[in-house]
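Engineer: Dropping a structure here in structure tokens format, bear with me for questions.
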Amino acid sequence: MENIRKFLDSKLLSQSFKVSGELEAQLNNAKLIAELYARLENCISVLSDMKARKSYIYYGGVADQLGLLKKETEISSIWEDELLGRVHADDLQKKYRLEFQFFQLLNTIDVAARADYRVVTKLRTRNKEGKHVLLEHRLLYLSSSEEGSAWLALCLYNKLYDHPGFEVPKGVILNTRTGTIVDPGEPDFSEILTLREKEVLQLIKLGRRSKEIAEKLSLSLHTVNRHRQNIFQKLNVTNALEACRVADGAGMF
């Protein structure tokens with residue numbers, strides 16, 4: 001599970017961000033939106049800033065039911081770990097996988113249409129008595145940077161009640177404008193790199209230079225360098241050390 005989160009973390013935080021004064025105003029507007037959701041729905045609202053690598057947390061009534069301390073309203077992380085640490089491990093893994101799928105989807109659609117899409121997930125979460133209760137988790141992106149990078153993400157956590165009218169899917173990506181369900185398929189992190197790219201990266205991890213890798217795999221130096229560049233591009237990294245760290249984190253070896 002941590003492997004999936006580390007890989008998602010590297011994808012989100014390695015984006016390029018150029019934020020102008022106008023976009024800084026968007027951050028203030030997003031904070032107002034997050035606070036308003038918490039007040040109106042009595043939910044926990046978490047606004048994450050990918051550029052600054054921090055989050056702003058607004059606590060509604062559900063926080064008292066879960067027994068959260070409510071001390072930190074601004075944290076130096078894009079992950080709200082005080083809350084996530086209470087979520088059932090299986091549901092948390094499902095949440096991270098859906099968020100990775102969502103991030104991939106956002107990179108294929110027009111920036112102006114991104115606000116129409118969101119993730120909705122049902123999460124079993126421990127309350128202050130240590131018993132599991134159901135939360136509805138919604139994730140949507142409010143703003144993108146000038147280059148189109150996913151910048152401001154809003155997570156909403158609402159209490160689900162034992163009533164047929166409050167049924168929520170276990171996990172889904174949907175378009176709220178059209179009402180359609182998006183099914184991008186289950187991500188397989190082991191297939192992001194080709195077999196040959198994995199072989200090259202394994203040798204890089206062992207400290208082999210490109211010339212040594214070429215000799216070991218009976219490849220030309222040009223082919224090895226091309227594989228290196230493909231690996232860096234697929235993993236969203238700029239050097240071999242980062243590539244090995246991300247691959248290890250995502251369980252690709």
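Numbering starts fresh at 1 for the residues of each chain in the structure tokens, the chains themselves are lettered A, B, ... in the order given, and ligands are numbered from 1 as they appear.
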Show which residues sit within 8 Å of Val62 (chain A), as JSON, numbers by chain. Count only C-alpha atoms, and ignore same-chain residues fewer than 3 positions away.
Structural biologist: {"A": [42, 43, 44, 59, 65, 66, 158, 159]}
Engineer: Sorted by chain and rising residue number, which residues of region 90-182 of chain A lie within 9 Å of region 26-30 of chain A, and what are their closest atom pairs and distances in Å to one decimal, counting only C-alpha atoms, as a tab-separated table?
Structural biologist:
```
residue	atom	partner	partner_atom	distance
A:Leu142	CA	A:Ala30	CA	7.0
A:Ser143	CA	A:Gln26	CA	7.4
A:Leu152	CA	A:Leu27	CA	7.6
A:Leu154	CA	A:Ala30	CA	8.4
```
Engineer: How would you write, as JSON, numbers by chain, the set of residues in region 38-223 of chain A that DSSP gives as strand (DSSP E)?
Structural biologist: {"A": [44, 45, 46, 47, 48, 49, 54, 55, 56, 57, 58, 59, 74, 75, 117, 118, 119, 120, 121, 122, 123, 124, 125, 126, 132, 133, 134, 135, 136, 137, 138, 139, 140, 141, 142, 143, 144, 150, 151, 152, 153, 154, 155, 156, 157, 158, 159, 171, 172, 173, 174, 175, 181, 182]}
Engineer: Write the selection just made, keeping N, CA and C atoms, as a short mmCIF file (atom, residue, chain, number, x, y, z; two decimals), in the first residue's frame?
Structural biologist:
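Generated output (again_36.cif):
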```cif
data_model
loop_
_atom_site.label_atom_id
_atom_site.label_comp_id
_atom_site.auth_asym_id
_atom_site.auth_seq_id
_atom_site.Cartn_x
_atom_site.Cartn_y
_atom_site.Cartn_z
N ILE A 44 -15.15 16.76 6.94
CA ILE A 44 -13.75 17.17 7.02
C ILE A 44 -13.33 17.53 5.60
N SER A 45 -12.80 18.71 5.43
CA SER A 45 -12.43 19.22 4.12
C SER A 45 -10.92 19.47 4.10
N VAL A 46 -10.24 18.87 3.13
CA VAL A 46 -8.78 18.98 3.05
C VAL A 46 -8.40 19.53 1.68
N LEU A 47 -7.79 20.70 1.67
CA LEU A 47 -7.32 21.31 0.43
C LEU A 47 -5.81 21.12 0.35
N SER A 48 -5.35 20.41 -0.69
CA SER A 48 -3.92 20.11 -0.85
C SER A 48 -3.32 20.92 -1.98
N ASP A 49 -2.22 21.58 -1.68
CA ASP A 49 -1.48 22.41 -2.63
C ASP A 49 -0.25 21.63 -3.08
N LYS A 54 1.73 21.27 0.79
CA LYS A 54 1.08 21.42 2.09
C LYS A 54 -0.43 21.29 1.92
N SER A 55 -1.12 21.13 3.03
CA SER A 55 -2.58 21.00 3.01
C SER A 55 -3.20 21.89 4.08
N TYR A 56 -4.44 22.28 3.81
CA TYR A 56 -5.23 23.09 4.73
C TYR A 56 -6.45 22.26 5.12
N ILE A 57 -6.66 22.09 6.43
CA ILE A 57 -7.70 21.19 6.92
C ILE A 57 -8.78 21.99 7.64
N TYR A 58 -10.04 21.69 7.28
CA TYR A 58 -11.20 22.34 7.90
C TYR A 58 -12.08 21.24 8.50
N TYR A 59 -12.38 21.37 9.78
CA TYR A 59 -13.05 20.30 10.52
C TYR A 59 -14.53 20.60 10.73
N GLU A 74 -3.05 23.44 9.19
CA GLU A 74 -2.15 23.55 8.05
C GLU A 74 -1.00 22.58 8.28
N ILE A 75 -0.77 21.67 7.34
CA ILE A 75 0.28 20.67 7.51
C ILE A 75 1.22 20.69 6.32
N TYR A 117 -14.86 16.20 -13.10
CA TYR A 117 -14.54 14.83 -12.72
C TYR A 117 -14.19 14.75 -11.24
N ARG A 118 -14.54 13.63 -10.64
CA ARG A 118 -14.18 13.39 -9.25
C ARG A 118 -14.15 11.90 -8.94
N VAL A 119 -13.44 11.57 -7.88
CA VAL A 119 -13.41 10.22 -7.34
C VAL A 119 -14.38 10.17 -6.16
N VAL A 120 -15.16 9.10 -6.09
CA VAL A 120 -16.03 8.88 -4.93
C VAL A 120 -15.71 7.50 -4.38
N THR A 121 -15.37 7.43 -3.10
CA THR A 121 -14.96 6.17 -2.49
C THR A 121 -15.63 5.98 -1.14
N LYS A 122 -15.97 4.73 -0.84
CA LYS A 122 -16.50 4.39 0.48
C LYS A 122 -15.36 3.84 1.33
N LEU A 123 -15.17 4.42 2.52
CA LEU A 123 -14.04 4.05 3.37
C LEU A 123 -14.51 3.62 4.76
N ARG A 124 -14.03 2.46 5.19
CA ARG A 124 -14.25 2.04 6.57
C ARG A 124 -13.21 2.72 7.44
N THR A 125 -13.67 3.47 8.43
CA THR A 125 -12.78 4.32 9.21
C THR A 125 -13.09 4.18 10.70
N ARG A 126 -12.05 4.05 11.53
CA ARG A 126 -12.24 3.90 12.97
C ARG A 126 -12.71 5.21 13.60
N HIS A 132 -15.40 0.62 13.38
CA HIS A 132 -15.41 1.10 12.01
C HIS A 132 -16.77 1.72 11.65
N VAL A 133 -16.71 2.93 11.12
CA VAL A 133 -17.89 3.59 10.55
C VAL A 133 -17.58 3.87 9.09
N LEU A 134 -18.61 4.16 8.31
CA LEU A 134 -18.42 4.40 6.89
C LEU A 134 -18.33 5.89 6.59
N LEU A 135 -17.32 6.24 5.80
CA LEU A 135 -17.18 7.61 5.31
C LEU A 135 -17.27 7.61 3.80
N GLU A 136 -17.86 8.66 3.26
CA GLU A 136 -17.80 8.91 1.83
C GLU A 136 -16.64 9.87 1.58
N HIS A 137 -15.72 9.47 0.70
CA HIS A 137 -14.59 10.32 0.34
C HIS A 137 -14.79 10.80 -1.09
N ARG A 138 -14.66 12.11 -1.29
CA ARG A 138 -14.72 12.69 -2.63
C ARG A 138 -13.42 13.46 -2.90
N LEU A 139 -12.88 13.27 -4.07
CA LEU A 139 -11.68 13.98 -4.49
C LEU A 139 -11.95 14.68 -5.81
N LEU A 140 -11.66 15.97 -5.87
CA LEU A 140 -11.75 16.71 -7.12
C LEU A 140 -10.62 17.74 -7.16
N TYR A 141 -10.24 18.12 -8.36
CA TYR A 141 -9.20 19.13 -8.54
C TYR A 141 -9.85 20.47 -8.88
N LEU A 142 -9.52 21.49 -8.09
CA LEU A 142 -10.13 22.80 -8.26
C LEU A 142 -9.36 23.69 -9.23
N SER A 143 -8.04 23.53 -9.30
CA SER A 143 -7.23 24.42 -10.13
C SER A 143 -6.02 23.68 -10.68
N SER A 144 -5.56 24.18 -11.83
CA SER A 144 -4.34 23.69 -12.46
C SER A 144 -3.37 24.84 -12.63
N ALA A 150 -1.78 19.42 -12.35
CA ALA A 150 -2.83 19.35 -11.33
C ALA A 150 -2.30 20.00 -10.06
N TRP A 151 -2.92 21.10 -9.64
CA TRP A 151 -2.35 21.93 -8.58
C TRP A 151 -3.10 21.83 -7.26
N LEU A 152 -4.37 22.22 -7.22
CA LEU A 152 -5.12 22.24 -5.97
C LEU A 152 -6.16 21.12 -5.95
N ALA A 153 -6.03 20.23 -4.98
CA ALA A 153 -6.95 19.10 -4.86
C ALA A 153 -7.78 19.26 -3.59
N LEU A 154 -9.06 18.94 -3.68
CA LEU A 154 -9.96 19.03 -2.53
C LEU A 154 -10.49 17.65 -2.19
N CYS A 155 -10.26 17.23 -0.94
CA CYS A 155 -10.81 15.97 -0.44
C CYS A 155 -11.89 16.27 0.60
N LEU A 156 -13.03 15.60 0.48
CA LEU A 156 -14.15 15.79 1.40
C LEU A 156 -14.50 14.45 2.04
N TYR A 157 -14.60 14.43 3.35
CA TYR A 157 -14.93 13.21 4.09
C TYR A 157 -16.24 13.43 4.84
N ASN A 158 -17.28 12.70 4.42
CA ASN A 158 -18.60 12.80 5.04
C ASN A 158 -18.97 11.48 5.71
N LYS A 159 -19.74 11.57 6.78
CA LYS A 159 -20.25 10.37 7.46
C LYS A 159 -21.35 9.75 6.60
N GLY A 171 -16.00 2.47 -4.88
CA GLY A 171 -14.99 3.34 -5.46
C GLY A 171 -15.25 3.55 -6.94
N VAL A 172 -15.32 4.81 -7.37
CA VAL A 172 -15.65 5.09 -8.76
C VAL A 172 -15.14 6.47 -9.14
N ILE A 173 -14.83 6.64 -10.44
CA ILE A 173 -14.52 7.95 -11.00
C ILE A 173 -15.71 8.35 -11.86
N LEU A 174 -16.21 9.56 -11.68
CA LEU A 174 -17.39 9.96 -12.44
C LEU A 174 -17.27 11.38 -12.96
N ASN A 175 -18.05 11.65 -13.99
CA ASN A 175 -18.17 12.99 -14.56
C ASN A 175 -19.52 13.55 -14.12
N ILE A 181 -19.90 7.24 -15.81
CA ILE A 181 -18.90 6.60 -14.97
C ILE A 181 -17.67 6.32 -15.82
N VAL A 182 -16.50 6.66 -15.31
CA VAL A 182 -15.25 6.45 -16.03
C VAL A 182 -14.58 5.21 -15.48
#
```
Engineer: Would you mind listing what lies within 7 Å of Cys244 (chain A) as a PyMOL selection string, with only C-alpha atoms counted and same-chain residues fewer than 4 positions away left out?
Structural biologist: chain A and resi 205+240+248
Engineer: One number please: CA of Leu195 (chain A) to CA of Asp9 (chain A), in Å, one decimal.
Structural biologist: 23.9 Å
Engineer: Which of region 39-145 of chain A end up as helix (DSSP H, G or I) when DSSP is run on this backbone - answer as a ChimeraX atom specification?
Structural biologist: /A:39-41,62-66,81-84,89-106,111-116
Engineer: Quick one: everything within 10 Å of region 227-239 of chain A, counting only C-alpha atoms, minus sequence neighbours fewer than 5 positions away in the same chain. Send it as a VMD selection string.
Structural biologist: chain A and resid 7 10 to 15 192 to 194 196 to 201 204 210 221 to 222 244 to 247
Engineer: Hey, which of A:Glu24, A:Lys131, A:Gly60, A:Ser149 ends up closest to Phe103 (chain A)? Count only C-alpha atoms.
Structural biologist: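 Comparing A:Glu24, A:Lys131, A:Gly60, A:Ser149 against Phe103 (chain A), the winner is A:Ser149.
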Engineer: Measuring between only C-alpha atoms, which one of A:Leu219, A:Arg226, A:Asp116, A:Lys95 shows the shortest distance to Arg177 (chain A)?
Structural biologist: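 For Arg177 (chain A), the nearest of the given residues is A:Asp116.
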Engineer: Distance CA of Ser77 (chain A)-CA of Ala89 (chain A), one decimal place?
Structural biologist: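 CA of Ala89 (chain A) lies at a distance of 20.0 Å from CA of Ser77 (chain A).
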Engineer: Compare A:Leu98, A:Ala63, A:Leu160, A:Leu69 by their minimum atom-to-atom distance to Arg39 (chain A), counting only C-alpha atoms, and give me the closest one.
Structural biologist: A:Ala63
Engineer: Have a look at CA of Ser76 (chain A) and CA of Arg53 (chain A) and let me know their distance in Å, one decimal.
Structural biologist: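 It comes out at 6.2 Å.
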Engineer: When you count only C-alpha atoms, which of these residues is closest to Lys94 (chain A): A:Ala243, A:Ala214, A:Ile33, A:Ile4?
Structural biologist: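 Among A:Ala243, A:Ala214, A:Ile33, A:Ile4, it is A:Ile4 that comes nearest to Lys94 (chain A).
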